[in-house]
Amino acid sequence: KAVAAAAIQTLATAAKIPGVELLLITDKSKIERILELTVQANTLQVEDVAFANELKSWIRFSENDAIATRDGLYAACSGNPTMPGWLGRMMFGWVFSSGSENEKYVRQIRSSAGLAVFVSEKDDRDHWINAGRAFQRFALQATALDIRHAFVNQAVDVPQVRQDLARLL
């Protein structure tokens, strides 16, 4: 559903950091184009064996593994079931695919009233960190306002797709 103008202003204020521009996109045709780029980039990532192996190495399939390592991506935080680590690592290749991941992103993006894109003024480490901070502040404020949101960054992670996204924006 649409987000009230006052809430949008609150979100924009929370995300305001020097060197980072927040683009709020509500035009359906532009959202569809960004969705196409997201699916393209996600497919490239997921089908890259090195990427999939690195992701699997970072997932903590059980609460005990997450507590013991104190790092990684806890499966339950992304809405996935928990299970013993040995079983999760074995099943990962059977359930993690570009098709299932793309379906998830299509549902998320098409159910959204809009997209928030964080653009750094410069392409360097300090500005990337500031863009991340702006997103974190935005996400925390959205949570406080009871606005559902998802972090979708595939179109930025894949260099050849990032260029297409930059041209679109």
# chains A, B, ... in the order shown; residues from 1 in each chain; ligands from 1

call {"tool": "residues_around", "arguments": {"residues": "segment 155-168 of chain A", "least_positions_apart": "6", "cutoff": "6 Å", "atoms": "only C-alpha atoms", "output": "list in words"}}
result
Leu37, Thr38 and Ala41 of chain A

call {"tool": "write_last_selection", "arguments": {"atoms": "all heavy atoms", "output": "CSV table (one decimal), in the first residue's frame"}}
result
chain,number,residue,atom,x,y,z
A,37,LEU,N,16.4,-5.7,-14.1
A,37,LEU,CA,17.9,-5.7,-13.8
A,37,LEU,C,18.2,-6.5,-12.6
A,37,LEU,O,19.2,-7.2,-12.5
A,37,LEU,CB,18.3,-4.2,-13.6
A,37,LEU,CG,18.2,-3.3,-14.9
A,37,LEU,CD1,18.5,-1.9,-14.5
A,37,LEU,CD2,19.2,-3.8,-15.9
A,38,THR,N,17.3,-6.5,-11.6
A,38,THR,CA,17.5,-7.3,-10.4
A,38,THR,C,17.5,-8.8,-10.7
A,38,THR,O,18.4,-9.5,-10.3
A,38,THR,CB,16.4,-6.9,-9.3
A,38,THR,OG1,16.5,-5.6,-9.0
A,38,THR,CG2,16.6,-7.8,-8.1
A,41,ALA,N,20.7,-9.6,-12.7
A,41,ALA,CA,21.9,-9.7,-11.8
A,41,ALA,C,21.9,-10.9,-10.8
A,41,ALA,O,22.9,-11.5,-10.6
A,41,ALA,CB,22.0,-8.4,-11.0

call {"tool": "closest_atom_pairs", "arguments": {"of": "segment 20-138 of chain A", "to": "segment 1-10 of chain A", "cutoff": "12 Å", "atoms": "only C-alpha atoms", "output": "tab-separated table"}}
result
residue	atom	partner	partner_atom	distance
A:Leu22	CA	A:Ile8	CA	11.2
A:Leu23	CA	A:Ile8	CA	11.4
A:Leu24	CA	A:Ile8	CA	8.9
A:Ile25	CA	A:Ile8	CA	11.6
A:Thr26	CA	A:Ala2	CA	9.4
A:Arg110	CA	A:Lys1	CA	11.2
A:Ser111	CA	A:Lys1	CA	8.2
A:Ser112	CA	A:Lys1	CA	7.2
A:Ala113	CA	A:Ala2	CA	5.2
A:Gly114	CA	A:Ala2	CA	8.1
A:Leu115	CA	A:Val3	CA	11.4
A:Ala116	CA	A:Ile8	CA	10.3
A:Arg137	CA	A:Thr10	CA	10.7
A:Phe138	CA	A:Thr10	CA	8.9

call {"tool": "select_by_dssp", "arguments": {"residues": "segment 81-165 of chain A", "states": "strand (DSSP E or B)", "output": "short mmCIF file (atom, residue, chain, number, x, y, z; two decimals) with N, CA and C atoms, in the first residue's frame"}}
result
data_model
loop_
_atom_site.label_atom_id
_atom_site.label_comp_id
_atom_site.auth_asym_id
_atom_site.auth_seq_id
_atom_site.Cartn_x
_atom_site.Cartn_y
_atom_site.Cartn_z
N LEU A 115 10.33 1.99 -4.56
CA LEU A 115 11.70 1.56 -4.28
C LEU A 115 12.49 2.75 -3.76
N ALA A 116 13.38 2.47 -2.82
CA ALA A 116 14.31 3.47 -2.32
C ALA A 116 15.69 3.07 -2.79
N VAL A 117 16.34 3.94 -3.55
CA VAL A 117 17.67 3.66 -4.08
C VAL A 117 18.62 4.67 -3.45
N PHE A 118 19.72 4.15 -2.90
CA PHE A 118 20.72 4.99 -2.25
C PHE A 118 21.92 5.11 -3.19
N VAL A 119 22.24 6.35 -3.57
CA VAL A 119 23.29 6.60 -4.55
C VAL A 119 24.40 7.41 -3.87
N SER A 120 25.61 6.86 -3.92
CA SER A 120 26.73 7.59 -3.33
C SER A 120 27.28 8.60 -4.34
#

call {"tool": "closest_residue", "arguments": {"among": "A:Ile59, A:Val39, A:Ala15, A:Leu169", "to": "Ser78 of chain A", "atoms": "only C-alpha atoms"}}
result
A:Ile59

call {"tool": "select_by_dssp", "arguments": {"residues": "segment 29-115 of chain A", "states": "alpha helix (DSSP H)", "output": "JSON, numbers by chain"}}
result
{"A": [29, 30, 31, 32, 33, 34, 35, 36, 37, 38, 39, 40, 41, 42, 43, 44, 45, 46, 49, 50, 51, 52, 53, 54, 55, 56, 57, 58, 63, 64, 65, 66, 67, 68, 69, 85, 86, 87, 88, 89, 90, 91, 92, 93, 94, 95, 98, 99, 100, 101, 102, 103, 104, 105, 106, 107, 108, 109, 110]}

call {"tool": "residues_around", "arguments": {"residues": "segment 99-106 of chain A", "least_positions_apart": "3", "cutoff": "8 Å", "atoms": "only C-alpha atoms", "output": "PyMOL selection string"}}
result
chain A and resi 35+38-39+42-43+95-96+109-110+152

call {"tool": "write_last_selection", "arguments": {"atoms": "all heavy atoms", "output": "PDB file, in the first residue's frame"}}
result
ATOM      1  N   LEU A  35      13.284  -4.099 -11.661  1.00  0.00           N
ATOM      2  CA  LEU A  35      13.030  -5.514 -11.387  1.00  0.00           C
ATOM      3  C   LEU A  35      13.737  -6.390 -12.426  1.00  0.00           C
ATOM      4  O   LEU A  35      14.383  -7.384 -12.085  1.00  0.00           O
ATOM      5  CB  LEU A  35      11.529  -5.797 -11.372  1.00  0.00           C
ATOM      6  CG  LEU A  35      11.119  -7.266 -11.286  1.00  0.00           C
ATOM      7  CD1 LEU A  35      11.697  -7.940 -10.054  1.00  0.00           C
ATOM      8  CD2 LEU A  35       9.602  -7.381 -11.311  1.00  0.00           C
ATOM      9  N   THR A  38      17.318  -6.481 -11.586  1.00  0.00           N
ATOM     10  CA  THR A  38      17.529  -7.267 -10.375  1.00  0.00           C
ATOM     11  C   THR A  38      17.535  -8.756 -10.708  1.00  0.00           C
ATOM     12  O   THR A  38      18.409  -9.509 -10.257  1.00  0.00           O
ATOM     13  CB  THR A  38      16.443  -6.949  -9.331  1.00  0.00           C
ATOM     14  OG1 THR A  38      16.508  -5.554  -9.007  1.00  0.00           O
ATOM     15  CG2 THR A  38      16.617  -7.773  -8.066  1.00  0.00           C
ATOM     16  N   VAL A  39      16.576  -9.193 -11.501  1.00  0.00           N
ATOM     17  CA  VAL A  39      16.508 -10.604 -11.891  1.00  0.00           C
ATOM     18  C   VAL A  39      17.727 -10.990 -12.729  1.00  0.00           C
ATOM     19  O   VAL A  39      18.329 -12.053 -12.528  1.00  0.00           O
ATOM     20  CB  VAL A  39      15.181 -10.894 -12.636  1.00  0.00           C
ATOM     21  CG1 VAL A  39      15.207 -12.245 -13.323  1.00  0.00           C
ATOM     22  CG2 VAL A  39      14.001 -10.800 -11.667  1.00  0.00           C
ATOM     23  N   ASN A  42      20.678 -11.117 -10.297  1.00  0.00           N
ATOM     24  CA  ASN A  42      20.550 -12.230  -9.373  1.00  0.00           C
ATOM     25  C   ASN A  42      20.857 -13.557 -10.074  1.00  0.00           C
ATOM     26  O   ASN A  42      21.525 -14.423  -9.515  1.00  0.00           O
ATOM     27  CB  ASN A  42      19.152 -12.260  -8.762  1.00  0.00           C
ATOM     28  CG  ASN A  42      19.043 -13.310  -7.689  1.00  0.00           C
ATOM     29  OD1 ASN A  42      19.698 -13.229  -6.664  1.00  0.00           O
ATOM     30  ND2 ASN A  42      18.235 -14.326  -7.939  1.00  0.00           N
ATOM     31  N   THR A  43      20.384 -13.698 -11.299  1.00  0.00           N
ATOM     32  CA  THR A  43      20.657 -14.923 -12.057  1.00  0.00           C
ATOM     33  C   THR A  43      22.158 -15.098 -12.255  1.00  0.00           C
ATOM     34  O   THR A  43      22.699 -16.196 -12.053  1.00  0.00           O
ATOM     35  CB  THR A  43      19.922 -14.887 -13.412  1.00  0.00           C
ATOM     36  OG1 THR A  43      18.515 -14.772 -13.163  1.00  0.00           O
ATOM     37  CG2 THR A  43      20.191 -16.144 -14.215  1.00  0.00           C
ATOM     38  N   VAL A  95      17.932 -26.418  -2.885  1.00  0.00           N
ATOM     39  CA  VAL A  95      16.858 -25.425  -2.746  1.00  0.00           C
ATOM     40  C   VAL A  95      17.251 -24.024  -3.200  1.00  0.00           C
ATOM     41  O   VAL A  95      16.384 -23.214  -3.497  1.00  0.00           O
ATOM     42  CB  VAL A  95      16.319 -25.370  -1.298  1.00  0.00           C
ATOM     43  CG1 VAL A  95      15.719 -26.687  -0.891  1.00  0.00           C
ATOM     44  CG2 VAL A  95      17.411 -24.968  -0.309  1.00  0.00           C
ATOM     45  N   PHE A  96      18.542 -23.741  -3.249  1.00  0.00           N
ATOM     46  CA  PHE A  96      18.996 -22.408  -3.646  1.00  0.00           C
ATOM     47  C   PHE A  96      19.206 -22.404  -5.154  1.00  0.00           C
ATOM     48  O   PHE A  96      20.113 -23.054  -5.676  1.00  0.00           O
ATOM     49  CB  PHE A  96      20.296 -22.047  -2.922  1.00  0.00           C
ATOM     50  CG  PHE A  96      20.812 -20.670  -3.247  1.00  0.00           C
ATOM     51  CD1 PHE A  96      20.160 -19.545  -2.772  1.00  0.00           C
ATOM     52  CD2 PHE A  96      21.940 -20.495  -4.028  1.00  0.00           C
ATOM     53  CE1 PHE A  96      20.633 -18.270  -3.065  1.00  0.00           C
ATOM     54  CE2 PHE A  96      22.423 -19.233  -4.329  1.00  0.00           C
ATOM     55  CZ  PHE A  96      21.770 -18.125  -3.840  1.00  0.00           C
ATOM     56  N   ILE A 109       9.223  -7.028  -5.053  1.00  0.00           N
ATOM     57  CA  ILE A 109       9.230  -5.743  -5.752  1.00  0.00           C
ATOM     58  C   ILE A 109       7.844  -5.401  -6.298  1.00  0.00           C
ATOM     59  O   ILE A 109       7.399  -4.260  -6.185  1.00  0.00           O
ATOM     60  CB  ILE A 109      10.320  -5.727  -6.841  1.00  0.00           C
ATOM     61  CG1 ILE A 109      11.698  -5.740  -6.154  1.00  0.00           C
ATOM     62  CG2 ILE A 109      10.172  -4.518  -7.767  1.00  0.00           C
ATOM     63  CD1 ILE A 109      12.878  -5.883  -7.099  1.00  0.00           C
ATOM     64  N   ARG A 110       7.151  -6.370  -6.848  1.00  0.00           N
ATOM     65  CA  ARG A 110       5.815  -6.074  -7.388  1.00  0.00           C
ATOM     66  C   ARG A 110       4.787  -5.785  -6.302  1.00  0.00           C
ATOM     67  O   ARG A 110       3.765  -5.167  -6.578  1.00  0.00           O
ATOM     68  CB  ARG A 110       5.344  -7.212  -8.284  1.00  0.00           C
ATOM     69  CG  ARG A 110       6.084  -7.207  -9.611  1.00  0.00           C
ATOM     70  CD  ARG A 110       5.380  -7.989 -10.659  1.00  0.00           C
ATOM     71  NE  ARG A 110       6.077  -7.844 -11.937  1.00  0.00           N
ATOM     72  CZ  ARG A 110       6.287  -8.844 -12.777  1.00  0.00           C
ATOM     73  NH1 ARG A 110       5.831 -10.051 -12.514  1.00  0.00           N
ATOM     74  NH2 ARG A 110       6.937  -8.627 -13.902  1.00  0.00           N
ATOM     75  N   VAL A 152      17.420  -5.248  -1.330  1.00  0.00           N
ATOM     76  CA  VAL A 152      17.629  -5.901  -2.623  1.00  0.00           C
ATOM     77  C   VAL A 152      18.763  -5.146  -3.311  1.00  0.00           C
ATOM     78  O   VAL A 152      18.586  -4.004  -3.707  1.00  0.00           O
ATOM     79  CB  VAL A 152      16.338  -5.863  -3.478  1.00  0.00           C
ATOM     80  CG1 VAL A 152      16.564  -6.516  -4.819  1.00  0.00           C
ATOM     81  CG2 VAL A 152      15.174  -6.511  -2.734  1.00  0.00           C
TER      82      VAL A 152
END

call {"tool": "atom_distance", "arguments": {"atom1": "atom CA of Ser57 of chain A", "atom2": "atom CA of Thr143 of chain A"}}
result
28.8 Å

call {"tool": "residues_around", "arguments": {"residues": "Gly19 of chain A", "least_positions_apart": "3", "cutoff": "10 Å", "atoms": "only C-alpha atoms", "output": "PyMOL selection string"}}
result
chain A and resi 16+119-122+126-128+130-131+134

call {"tool": "atom_distance", "arguments": {"atom1": "atom CA of Tyr74 of chain A", "atom2": "atom CA of Trp58 of chain A"}}
result
8.5 Å

call {"tool": "atom_distance", "arguments": {"atom1": "atom CA of Arg89 of chain A", "atom2": "atom CA of Lys56 of chain A"}}
result
6.7 Å
